[in-house]
$ cat target-v9.cif   # mmCIF, C-alpha atoms
data_work
#
loop_
_atom_site.label_atom_id
_atom_site.label_comp_id
_atom_site.auth_asym_id
_atom_site.auth_seq_id
_atom_site.Cartn_x
_atom_site.Cartn_y
_atom_site.Cartn_z
CA MET A 653 18.59 6.58 -15.07
CA ARG A 654 18.06 3.03 -16.22
CA ARG A 655 20.17 0.41 -14.55
CA ALA A 656 20.12 -3.32 -15.15
CA LEU A 657 20.51 -5.41 -12.02
CA PRO A 658 20.98 -9.15 -11.88
CA SER A 659 18.13 -10.52 -9.80
CA ALA A 660 20.41 -12.18 -7.29
CA THR A 661 21.65 -8.80 -6.10
CA TRP A 662 18.26 -7.44 -5.07
CA PRO A 663 18.33 -8.65 -1.46
CA GLU A 664 21.95 -7.56 -1.19
CA LEU A 665 21.18 -3.97 -2.06
CA GLY A 666 19.76 -3.28 1.37
CA TYR A 667 16.24 -2.83 0.06
CA PRO A 668 14.41 -6.03 1.01
CA MET A 669 11.56 -6.56 -1.41
CA LEU A 670 8.07 -7.68 -0.48
CA SER A 671 5.80 -9.16 -3.12
CA VAL A 672 2.04 -8.61 -2.96
CA ARG A 673 0.30 -11.77 -4.12
CA HIS A 674 -3.18 -13.14 -4.55
CA GLY A 675 -3.88 -16.33 -2.67
CA GLU A 676 -7.17 -17.97 -3.64
CA PRO A 677 -5.68 -20.54 -4.34
CA PRO A 678 -2.10 -19.30 -4.53
CA ASP A 679 -1.82 -17.20 -7.66
CA ALA A 680 -4.40 -19.21 -9.55
CA GLN A 681 -4.75 -16.34 -11.98
CA MET A 682 -1.24 -14.98 -12.10
CA GLY A 683 0.90 -17.08 -14.40
CA ARG A 684 -2.20 -18.86 -15.66
CA LEU A 685 -0.98 -19.00 -19.24
CA GLY A 686 1.55 -21.81 -18.72
CA SER A 687 5.33 -22.05 -18.80
CA GLN A 688 5.66 -21.60 -22.56
CA TRP A 689 4.54 -18.02 -22.18
CA LEU A 690 6.58 -15.04 -21.12
CA GLN A 691 4.03 -14.08 -18.46
CA LYS A 692 4.43 -17.37 -16.60
CA ARG A 693 8.22 -17.29 -16.80
CA TYR A 694 8.25 -13.70 -15.59
CA VAL A 695 6.05 -14.50 -12.61
CA ASP A 696 8.09 -17.58 -11.67
CA PHE A 697 11.30 -15.59 -11.98
CA LEU A 698 10.01 -12.70 -9.90
CA HIS A 699 8.64 -14.84 -7.10
CA GLY A 700 11.82 -16.87 -7.15
CA VAL A 701 14.01 -13.89 -6.35
CA ILE A 702 11.71 -12.06 -3.95
CA ARG A 703 12.15 -13.62 -0.57
CA ASP A 704 9.10 -12.27 1.17
CA GLU A 705 5.43 -12.03 0.28
CA VAL A 706 2.07 -10.90 1.61
CA PHE A 707 -1.35 -12.00 0.40
CA LEU A 708 -4.20 -9.64 -0.39
CA GLN A 709 -6.50 -11.72 1.81
CA ASP A 710 -4.37 -11.02 4.88
CA PRO A 711 -6.24 -8.54 7.16
CA GLU A 712 -2.87 -6.99 7.95
CA PHE A 713 -1.86 -6.72 4.30
CA ALA A 714 -1.81 -2.89 4.17
CA LEU A 715 -0.06 -2.59 7.54
CA LYS A 716 2.65 -5.06 6.48
CA VAL A 717 3.21 -3.19 3.24
CA LEU A 718 3.45 0.15 5.07
CA ALA A 719 5.86 -1.32 7.63
CA ARG A 720 8.07 -2.69 4.85
CA LEU A 721 8.17 0.67 3.07
CA ARG A 722 9.01 2.51 6.27
CA SER A 723 11.85 0.16 7.05
CA GLY A 724 13.47 1.03 3.71
CA GLY A 725 12.07 -1.83 1.67
CA LEU A 726 10.49 -2.12 -1.76
CA VAL A 727 7.05 -3.53 -2.46
CA GLN A 728 6.26 -5.17 -5.78
CA VAL A 729 2.66 -5.13 -7.00
CA HIS A 730 1.20 -6.61 -10.18
CA ILE A 731 -1.28 -4.19 -11.71
CA ASP A 732 -4.09 -6.56 -12.59
CA ALA A 733 -7.77 -5.71 -12.43
CA LEU A 734 -8.52 -9.37 -11.72
CA PHE A 735 -7.15 -8.87 -8.22
CA SER A 736 -8.88 -5.61 -7.42
CA ARG A 737 -12.34 -4.80 -6.08
CA ASP A 738 -11.72 -1.16 -6.89
CA GLN A 739 -11.61 -0.75 -10.67
CA VAL A 740 -11.68 2.05 -13.23
CA ARG A 741 -12.41 1.70 -16.95
CA LEU A 742 -10.04 3.63 -19.17
CA GLN A 743 -9.19 3.94 -22.83
CA PHE A 744 -6.39 1.53 -23.66
CA LEU A 745 -4.94 0.82 -27.09
CA GLY A 746 -8.11 1.94 -28.82
CA THR A 747 -10.53 0.09 -26.59
CA HIS A 748 -11.72 0.22 -22.98
CA ARG A 749 -10.13 -1.89 -20.26
CA ARG A 750 -10.53 -2.20 -16.51
CA PHE A 751 -7.62 -1.11 -14.32
CA PRO A 752 -7.19 -1.48 -10.56
CA ALA A 753 -7.31 1.65 -8.41
CA GLY A 754 -6.58 0.23 -4.93
CA PHE A 755 -2.83 0.51 -5.25
CA LEU A 756 -3.17 4.24 -5.89
CA ARG A 757 -5.22 4.59 -2.70
CA PHE A 758 -2.27 3.03 -0.95
CA VAL A 759 0.22 5.32 -2.68
CA ARG A 760 -1.79 8.39 -1.67
CA LEU A 761 -2.09 7.35 1.98
CA SER A 762 1.50 6.19 2.42
CA GLY A 763 3.17 8.85 0.31
CA CYS A 764 5.43 6.24 -1.28
CA ALA A 765 6.99 6.58 -4.73
CA LEU A 766 5.60 4.61 -7.66
CA VAL A 767 8.34 2.98 -9.74
CA PRO A 768 7.31 1.08 -12.88
CA MET A 769 9.01 -2.24 -13.59
CA LEU A 770 9.28 -3.39 -17.17
CA CYS A 771 9.77 -7.05 -18.04
CA LEU A 772 11.65 -7.75 -21.27
CA GLY A 773 12.57 -11.21 -22.47
CA ASP A 774 12.73 -13.91 -25.07
CA SER A 775 13.08 -17.67 -25.06
CA GLY A 776 16.61 -17.50 -23.60
CA ARG A 777 16.72 -14.44 -21.40
CA LEU A 778 14.56 -12.45 -19.03
CA ALA A 779 15.26 -8.97 -17.64
CA ILE A 780 13.33 -6.63 -15.38
CA ARG A 781 14.04 -2.94 -15.73
CA PHE A 782 13.22 -0.27 -13.15
CA GLU A 783 11.98 2.97 -14.67
CA PRO A 784 12.22 6.42 -13.04
CA PRO A 785 9.50 7.09 -10.45
CA LEU A 786 6.27 8.41 -11.90
CA ARG A 787 5.43 12.05 -11.26
CA LEU A 788 2.26 11.92 -9.19
CA ILE A 789 -0.26 14.74 -9.10
CA ASP A 790 -1.23 15.30 -5.48
CA GLY A 791 -4.25 16.92 -3.87
CA GLY A 792 -7.97 16.41 -4.04
CA SER A 793 -10.03 13.49 -2.88
CA GLN A 794 -9.10 9.84 -3.15
CA GLU A 795 -11.15 9.49 -6.34
CA GLU A 796 -9.58 12.61 -7.82
CA PHE A 797 -6.11 11.29 -7.00
CA VAL A 798 -6.90 8.05 -8.84
CA MET A 799 -8.37 9.84 -11.86
CA ARG A 800 -5.41 12.21 -12.08
CA ASN A 801 -2.72 9.55 -11.78
CA LEU A 802 -4.09 6.35 -13.26
CA PRO A 803 -4.45 7.64 -16.86
CA PRO A 804 -0.77 8.70 -17.08
CA LEU A 805 0.26 5.28 -15.80
CA VAL A 806 -1.98 3.56 -18.34
CA GLY A 807 -0.49 5.87 -20.98
CA TRP A 808 2.96 4.71 -19.91
CA LEU A 809 1.84 1.09 -20.34
CA GLU A 810 0.56 1.88 -23.82
CA MET A 811 3.86 3.55 -24.66
CA GLN A 812 5.83 0.50 -23.53
CA ILE A 813 3.71 -1.78 -25.67
CA ARG A 814 4.18 0.48 -28.69
CA GLU A 815 7.95 0.57 -28.09
CA HIS A 816 8.19 -3.22 -27.61
CA PRO A 817 5.35 -4.79 -29.63
CA ASP A 818 7.28 -8.08 -29.80
CA GLN A 819 7.16 -8.28 -26.00
CA TRP A 820 3.42 -7.72 -25.97
CA ASP A 821 3.02 -10.60 -28.39
CA ALA A 822 5.38 -12.79 -26.35
CA TRP A 823 3.20 -12.12 -23.32
CA ARG A 824 0.24 -13.68 -25.03
CA ILE A 825 1.80 -15.88 -27.71
CA ARG A 826 3.99 -18.94 -27.25
CA LEU A 827 7.70 -18.26 -27.50
CA MET B 1398 -7.63 30.05 46.43
CA GLY B 1399 -10.09 28.91 43.84
CA CYS B 1400 -9.40 28.65 40.14
CA LEU B 1401 -11.87 29.81 37.54
CA GLU B 1402 -10.34 27.71 34.77
CA ASP B 1403 -11.44 24.16 33.95
CA PRO B 1404 -9.24 21.53 35.54
CA PRO B 1405 -6.50 20.45 33.09
CA VAL B 1406 -7.28 17.36 31.09
CA SER B 1407 -4.58 14.76 31.49
CA SER B 1408 -2.52 14.19 28.40
CA LEU B 1409 -3.48 10.53 28.25
CA ASP B 1410 -7.17 11.35 28.51
CA ASP B 1411 -6.84 13.84 25.70
CA VAL B 1412 -5.00 11.29 23.52
CA THR B 1413 -7.67 8.68 24.25
CA ARG B 1414 -10.46 11.06 23.28
CA ARG B 1415 -8.75 12.03 20.06
CA ILE B 1416 -8.08 8.39 19.08
CA ARG B 1417 -11.78 7.66 19.52
CA GLU B 1418 -12.67 10.68 17.37
CA VAL B 1419 -10.31 9.55 14.61
CA LEU B 1420 -11.76 6.03 14.77
CA VAL B 1421 -15.29 7.38 14.47
CA ARG B 1422 -14.31 9.56 11.52
CA SER B 1423 -12.38 6.75 9.77
CA LEU B 1424 -15.25 4.28 10.12
CA SER B 1425 -17.99 6.86 9.64
CA LEU B 1426 -19.54 5.57 12.86
CA ASP B 1427 -22.70 7.01 14.30
CA LEU B 1428 -21.56 9.21 17.15
CA ALA B 1429 -24.68 8.27 19.09
CA GLU B 1430 -23.87 4.58 18.83
CA GLU B 1431 -23.47 3.15 22.29
CA GLY B 1432 -20.78 0.81 23.43
CA VAL B 1433 -18.51 0.99 20.43
CA ARG B 1434 -15.90 -1.67 21.11
CA TYR B 1435 -12.61 -0.43 19.81
CA ALA B 1436 -10.87 -3.77 19.21
CA GLU B 1437 -13.94 -5.29 17.52
CA LYS B 1438 -14.27 -2.32 15.23
CA LEU B 1439 -10.64 -2.57 14.18
CA ASP B 1440 -11.08 -6.29 13.50
CA GLU B 1441 -14.13 -5.49 11.42
CA LEU B 1442 -12.30 -2.73 9.60
CA ALA B 1443 -9.31 -4.94 8.77
CA GLY B 1444 -11.54 -7.82 7.67
CA VAL B 1445 -13.61 -5.71 5.31
CA ASP B 1446 -10.94 -3.54 3.80
CA SER B 1447 -7.27 -3.70 4.72
CA LEU B 1448 -6.69 -0.30 3.14
CA ALA B 1449 -9.24 1.19 5.53
CA MET B 1450 -6.86 0.17 8.35
CA LEU B 1451 -4.24 2.23 6.59
CA GLU B 1452 -6.64 5.18 6.44
CA PHE B 1453 -7.16 4.87 10.20
CA VAL B 1454 -3.42 4.71 10.92
CA THR B 1455 -2.52 7.63 8.66
CA ALA B 1456 -5.42 9.66 10.09
CA LEU B 1457 -4.03 9.01 13.58
CA GLU B 1458 -0.57 10.07 12.49
CA LYS B 1459 -1.96 13.25 10.97
CA GLU B 1460 -4.03 13.98 14.07
CA PHE B 1461 -1.01 13.73 16.37
CA GLY B 1462 1.68 14.88 13.95
CA LEU B 1463 3.63 11.64 14.35
CA THR B 1464 5.02 8.87 12.19
CA PHE B 1465 4.48 5.57 13.97
CA ASP B 1466 7.36 3.16 14.38
CA ALA B 1467 7.17 0.16 12.04
CA GLU B 1468 6.86 -2.13 15.08
CA LEU B 1469 3.53 -0.52 15.92
CA LEU B 1470 2.03 -1.36 12.54
CA GLU B 1471 0.48 -4.65 13.62
CA LEU B 1472 -3.20 -5.30 14.11
CA GLU B 1473 -2.75 -6.85 17.56
CA THR B 1474 -0.76 -3.83 18.74
CA LEU B 1475 -3.17 -1.29 17.28
CA LYS B 1476 -6.13 -3.14 18.82
CA ASP B 1477 -4.74 -2.56 22.31
CA PHE B 1478 -6.39 0.79 22.87
CA ARG B 1479 -4.64 1.58 26.15
CA ALA B 1480 -1.23 0.63 24.80
CA LEU B 1481 -1.78 2.70 21.65
CA ALA B 1482 -2.82 5.74 23.69
CA ALA B 1483 0.17 5.29 26.00
CA TYR B 1484 2.50 4.98 23.01
CA ILE B 1485 1.19 8.20 21.44
CA GLU B 1486 1.26 10.03 24.76
CA SER B 1487 4.85 8.97 25.37
CA ARG B 1488 5.88 10.01 21.86
CA LEU B 1489 4.30 13.42 22.37
CA ALA B 1490 5.83 13.86 25.80
CA GLY B 1491 9.19 12.23 25.17
CA PRO B 1492 12.49 13.81 24.19
CA GLY B 1493 12.12 15.51 20.86
CA GLY B 1494 8.42 14.93 21.34
CA ALA B 1495 7.47 17.71 18.99
CA PRO B 1496 5.28 16.30 16.25
CA ASP B 1497 7.03 15.07 13.12
CA GLY B 1498 7.14 17.61 10.37
CA GLY B 1499 6.40 20.52 12.68
#

$ encode --input "target-v9.cif" --output "structure tokens"
Amino acid sequence: MRRALPSATWPELGYPMLSVRHGEPPDAQMGRLGSQWLQKRYVDFLHGVIRDEVFLQDPEFALKVLARLRSGGLVQVHIDALFSRDQVRLQFLGTHRRFPAGFLRFVRLSGCALVPMLCLGDSGRLAIRFEPPLRLIDGGSQEEFVMRNLPPLVGWLEMQIREHPDQWDAWRIRL
Amino acid sequence: MGCLEDPPVSSLDDVTRRIREVLVRSLSLDLAEEGVRYAEKLDELAGVDSLAMLEFVTALEKEFGLTFDAELLELETLKDFRALAAYIESRLAGPGGAPDGG
């Protein structure tokens, strides 16, 4: 089921959200395109409504994320190979791109659900949509888990871009 | 009257031994390595790869059939070897101390 939620209600839903961020220096890469671009506005919006955050450089990063999940919270992660030491190259929109694999290691170990978030917007409005949880294929080694589950997720990303090509352009082109 | 069986290992001793075994497996330590300092190894583990800490924690939970309380999921708490062993021992021995999930 797809349900649109105004951002202000997130903390009131009883699912406190934790944002995983990169901090060298704070989010130097994320939102790097400038405020005229959808990506920057999306990042500013998201970090504005998420009250809590943890940085990848924190030695307790994984423990804090696990604790938040176990206390009924949500954890928001940007899938960006720039932030990952653990990368996999996959076919993407007719070419090859690097994708991070570390978050899937976390999913496998913690047993948490993986819920895609889709950002849609234009010059006057921004919305974030939660999709149904992805069906994960369990079993096998850590590497097998990544190789079984990352391609379907990348396929889902491709599908979203094909369904909303204007949004893909807005990500990279000035609004 | 004498007893032919080995003396019973105390529950805490058994927990301690098993934590060390899980640590060795998680870090792929050389079993022959002398003087492995538990707290230092956890610091090293967390500093190199935070997800490896998660592997250690989930391996411990699997070993003992428990799900740790969220309050335990802090590096300083996990580094206290005696406190961690006592926590696990008390969870195993406490009311409803049967391992989670059977």

$ resolve_selection --input "target-v9.cif" --expression "the PyMOL selection byres ((chain B) within 6 of (chain A))" --output "PyMOL selection string"
chain B and resi 1443-1444+1447-1448+1467+1470

$ residues_around --input "target-v9.cif" --residues "stretch 1484-1486 of chain B" --least-positions-apart "5" --cutoff "8 Å" --atoms "all atoms listed in the file" --output "ChimeraX atom specification"
/B:1408-1409,1412,1461

$ residues_around --input "target-v9.cif" --residues "B:Thr1413" --least-positions-apart "2" --cutoff "10 Å" --atoms "all atoms listed in the file" --output "PDB file with C-alpha atoms, keeping the file's coordinate frame"
ATOM      1  CA  SER B1407      -4.580  14.760  31.490  1.00  0.00           C
ATOM      2  CA  SER B1408      -2.520  14.190  28.400  1.00  0.00           C
ATOM      3  CA  LEU B1409      -3.480  10.530  28.250  1.00  0.00           C
ATOM      4  CA  ASP B1410      -7.170  11.350  28.510  1.00  0.00           C
ATOM      5  CA  ASP B1411      -6.840  13.840  25.700  1.00  0.00           C
ATOM      6  CA  ARG B1415      -8.750  12.030  20.060  1.00  0.00           C
ATOM      7  CA  ILE B1416      -8.080   8.390  19.080  1.00  0.00           C
ATOM      8  CA  ARG B1417     -11.780   7.660  19.520  1.00  0.00           C
ATOM      9  CA  GLU B1418     -12.670  10.680  17.370  1.00  0.00           C
ATOM     10  CA  PHE B1478      -6.390   0.790  22.870  1.00  0.00           C
ATOM     11  CA  ARG B1479      -4.640   1.580  26.150  1.00  0.00           C
ATOM     12  CA  LEU B1481      -1.780   2.700  21.650  1.00  0.00           C
ATOM     13  CA  ALA B1482      -2.820   5.740  23.690  1.00  0.00           C
ATOM     14  CA  ALA B1483       0.170   5.290  26.000  1.00  0.00           C
ATOM     15  CA  ILE B1485       1.190   8.200  21.440  1.00  0.00           C
ATOM     16  CA  GLU B1486       1.260  10.030  24.760  1.00  0.00           C
TER      17      GLU B1486
END

$ resolve_selection --input "target-v9.cif" --expression "the PyMOL selection byres ((chain A and resi 777-786) around 7)" --output "PyMOL selection string"
chain A and resi 653-654+656+765-776+787-788

$ residues_around --input "target-v9.cif" --residues "A:Ala733" --least-positions-apart "5" --cutoff "12 Å" --atoms "only C-alpha atoms" --output "number ranges by chain"
A: 674, 681-682, 738-742, 749-755

$ closest_residue --input "target-v9.cif" --among "A:Leu756, A:Leu745, A:Val672, A:Val806" --to "A:Ser793" --atoms "all atoms listed in the file"
A:Leu756

$ atom_distance --input "target-v9.cif" --atom1 "atom CA of A:Val727" --atom2 "atom CA of A:Leu670"
4.7 Å

$ atom_distance --input "target-v9.cif" --atom1 "atom CA of A:Ser736" --atom2 "atom CA of B:Val1419"
26.8 Å

$ atom_distance --input "target-v9.cif" --atom1 "atom CA of A:Trp808" --atom2 "atom CA of A:Gln743"
12.5 Å

$ closest_residue --input "target-v9.cif" --among "B:Ala1436, B:Leu1489, B:Leu1442, B:Val1421" --to "B:Leu1463" --atoms "all atoms listed in the file"
B:Leu1489

$ closest_residue --input "target-v9.cif" --among "B:Val1445, B:Leu1451, B:Leu1457, B:Leu1439" --to "B:Thr1474" --atoms "only C-alpha atoms"
B:Leu1439

$ build_atoms --input "target-v9.cif" --residues "stretch 770-802 of chain A" --atoms "N, CA and C atoms" --output "PDB file, in the frame of the given file"
ATOM      1  N   LEU A 770       9.559  -2.904 -15.821  1.00  0.00           N
ATOM      2  CA  LEU A 770       9.280  -3.390 -17.170  1.00  0.00           C
ATOM      3  C   LEU A 770       9.976  -4.730 -17.374  1.00  0.00           C
ATOM      4  N   CYS A 771       9.195  -5.725 -17.783  1.00  0.00           N
ATOM      5  CA  CYS A 771       9.770  -7.050 -18.040  1.00  0.00           C
ATOM      6  C   CYS A 771      10.046  -7.192 -19.541  1.00  0.00           C
ATOM      7  N   LEU A 772      11.272  -7.528 -19.884  1.00  0.00           N
ATOM      8  CA  LEU A 772      11.650  -7.750 -21.270  1.00  0.00           C
ATOM      9  C   LEU A 772      12.309  -9.127 -21.358  1.00  0.00           C
ATOM     10  N   GLY A 773      11.976  -9.880 -22.395  1.00  0.00           N
ATOM     11  CA  GLY A 773      12.570 -11.210 -22.470  1.00  0.00           C
ATOM     12  C   GLY A 773      12.316 -11.905 -23.783  1.00  0.00           C
ATOM     13  N   ASP A 774      12.978 -13.028 -23.939  1.00  0.00           N
ATOM     14  CA  ASP A 774      12.730 -13.910 -25.070  1.00  0.00           C
ATOM     15  C   ASP A 774      12.902 -15.343 -24.572  1.00  0.00           C
ATOM     16  N   SER A 775      13.047 -16.281 -25.489  1.00  0.00           N
ATOM     17  CA  SER A 775      13.080 -17.670 -25.060  1.00  0.00           C
ATOM     18  C   SER A 775      14.326 -18.007 -24.239  1.00  0.00           C
ATOM     19  N   GLY A 776      15.385 -17.157 -24.315  1.00  0.00           N
ATOM     20  CA  GLY A 776      16.610 -17.500 -23.600  1.00  0.00           C
ATOM     21  C   GLY A 776      16.979 -16.557 -22.468  1.00  0.00           C
ATOM     22  N   ARG A 777      16.255 -15.449 -22.336  1.00  0.00           N
ATOM     23  CA  ARG A 777      16.720 -14.440 -21.400  1.00  0.00           C
ATOM     24  C   ARG A 777      15.512 -13.652 -20.878  1.00  0.00           C
ATOM     25  N   LEU A 778      15.630 -13.233 -19.627  1.00  0.00           N
ATOM     26  CA  LEU A 778      14.560 -12.450 -19.030  1.00  0.00           C
ATOM     27  C   LEU A 778      15.200 -11.320 -18.224  1.00  0.00           C
ATOM     28  N   ALA A 779      14.700 -10.102 -18.390  1.00  0.00           N
ATOM     29  CA  ALA A 779      15.260  -8.970 -17.640  1.00  0.00           C
ATOM     30  C   ALA A 779      14.125  -8.114 -17.119  1.00  0.00           C
ATOM     31  N   ILE A 780      14.313  -7.547 -15.936  1.00  0.00           N
ATOM     32  CA  ILE A 780      13.330  -6.630 -15.380  1.00  0.00           C
ATOM     33  C   ILE A 780      14.022  -5.290 -15.180  1.00  0.00           C
ATOM     34  N   ARG A 781      13.426  -4.269 -15.739  1.00  0.00           N
ATOM     35  CA  ARG A 781      14.040  -2.940 -15.730  1.00  0.00           C
ATOM     36  C   ARG A 781      13.217  -1.999 -14.834  1.00  0.00           C
ATOM     37  N   PHE A 782      13.899  -1.274 -13.967  1.00  0.00           N
ATOM     38  CA  PHE A 782      13.220  -0.270 -13.150  1.00  0.00           C
ATOM     39  C   PHE A 782      13.238   1.051 -13.906  1.00  0.00           C
ATOM     40  N   GLU A 783      12.087   1.678 -14.018  1.00  0.00           N
ATOM     41  CA  GLU A 783      11.980   2.970 -14.670  1.00  0.00           C
ATOM     42  C   GLU A 783      12.051   4.078 -13.612  1.00  0.00           C
ATOM     43  N   PRO A 784      12.258   5.323 -14.026  1.00  0.00           N
ATOM     44  CA  PRO A 784      12.220   6.420 -13.040  1.00  0.00           C
ATOM     45  C   PRO A 784      10.851   6.493 -12.374  1.00  0.00           C
ATOM     46  N   PRO A 785      10.803   6.965 -11.136  1.00  0.00           N
ATOM     47  CA  PRO A 785       9.500   7.090 -10.450  1.00  0.00           C
ATOM     48  C   PRO A 785       8.546   7.967 -11.255  1.00  0.00           C
ATOM     49  N   LEU A 786       7.275   7.604 -11.206  1.00  0.00           N
ATOM     50  CA  LEU A 786       6.270   8.410 -11.900  1.00  0.00           C
ATOM     51  C   LEU A 786       6.036   9.718 -11.146  1.00  0.00           C
ATOM     52  N   ARG A 787       5.783  10.773 -11.891  1.00  0.00           N
ATOM     53  CA  ARG A 787       5.430  12.050 -11.260  1.00  0.00           C
ATOM     54  C   ARG A 787       3.947  11.998 -10.902  1.00  0.00           C
ATOM     55  N   LEU A 788       3.648  12.021  -9.619  1.00  0.00           N
ATOM     56  CA  LEU A 788       2.260  11.920  -9.190  1.00  0.00           C
ATOM     57  C   LEU A 788       1.684  13.314  -8.941  1.00  0.00           C
ATOM     58  N   ILE A 789       0.422  13.468  -9.314  1.00  0.00           N
ATOM     59  CA  ILE A 789      -0.260  14.740  -9.100  1.00  0.00           C
ATOM     60  C   ILE A 789      -1.040  14.621  -7.802  1.00  0.00           C
ATOM     61  N   ASP A 790      -0.652  15.415  -6.821  1.00  0.00           N
ATOM     62  CA  ASP A 790      -1.230  15.300  -5.480  1.00  0.00           C
ATOM     63  C   ASP A 790      -2.475  16.191  -5.342  1.00  0.00           C
ATOM     64  N   GLY A 791      -3.121  16.052  -4.196  1.00  0.00           N
ATOM     65  CA  GLY A 791      -4.250  16.920  -3.870  1.00  0.00           C
ATOM     66  C   GLY A 791      -5.578  16.305  -4.273  1.00  0.00           C
ATOM     67  N   GLY A 792      -6.640  16.880  -3.706  1.00  0.00           N
ATOM     68  CA  GLY A 792      -7.970  16.410  -4.040  1.00  0.00           C
ATOM     69  C   GLY A 792      -8.362  15.177  -3.249  1.00  0.00           C
ATOM     70  N   SER A 793      -9.519  14.664  -3.582  1.00  0.00           N
ATOM     71  CA  SER A 793     -10.030  13.490  -2.880  1.00  0.00           C
ATOM     72  C   SER A 793      -9.319  12.233  -3.372  1.00  0.00           C
ATOM     73  N   GLN A 794      -9.658  11.129  -2.733  1.00  0.00           N
ATOM     74  CA  GLN A 794      -9.100   9.840  -3.150  1.00  0.00           C
ATOM     75  C   GLN A 794      -9.446   9.530  -4.605  1.00  0.00           C
ATOM     76  N   GLU A 795     -10.709   9.770  -4.971  1.00  0.00           N
ATOM     77  CA  GLU A 795     -11.150   9.490  -6.340  1.00  0.00           C
ATOM     78  C   GLU A 795     -10.433  10.410  -7.334  1.00  0.00           C
ATOM     79  N   GLU A 796     -10.269  11.668  -6.932  1.00  0.00           N
ATOM     80  CA  GLU A 796      -9.580  12.610  -7.820  1.00  0.00           C
ATOM     81  C   GLU A 796      -8.114  12.200  -7.995  1.00  0.00           C
ATOM     82  N   PHE A 797      -7.503  11.733  -6.911  1.00  0.00           N
ATOM     83  CA  PHE A 797      -6.110  11.290  -7.000  1.00  0.00           C
ATOM     84  C   PHE A 797      -5.984  10.137  -7.997  1.00  0.00           C
ATOM     85  N   VAL A 798      -6.929   9.195  -7.914  1.00  0.00           N
ATOM     86  CA  VAL A 798      -6.900   8.050  -8.840  1.00  0.00           C
ATOM     87  C   VAL A 798      -7.088   8.535 -10.277  1.00  0.00           C
ATOM     88  N   MET A 799      -8.071   9.413 -10.494  1.00  0.00           N
ATOM     89  CA  MET A 799      -8.370   9.840 -11.860  1.00  0.00           C
ATOM     90  C   MET A 799      -7.302  10.760 -12.439  1.00  0.00           C
ATOM     91  N   ARG A 800      -6.517  11.389 -11.578  1.00  0.00           N
ATOM     92  CA  ARG A 800      -5.410  12.210 -12.080  1.00  0.00           C
ATOM     93  C   ARG A 800      -4.188  11.369 -12.417  1.00  0.00           C
ATOM     94  N   ASN A 801      -3.986  10.284 -11.667  1.00  0.00           N
ATOM     95  CA  ASN A 801      -2.720   9.550 -11.780  1.00  0.00           C
ATOM     96  C   ASN A 801      -2.803   8.213 -12.495  1.00  0.00           C
ATOM     97  N   LEU A 802      -3.989   7.639 -12.566  1.00  0.00           N
ATOM     98  CA  LEU A 802      -4.090   6.350 -13.260  1.00  0.00           C
ATOM     99  C   LEU A 802      -3.951   6.514 -14.787  1.00  0.00           C
TER     100      LEU A 802
END
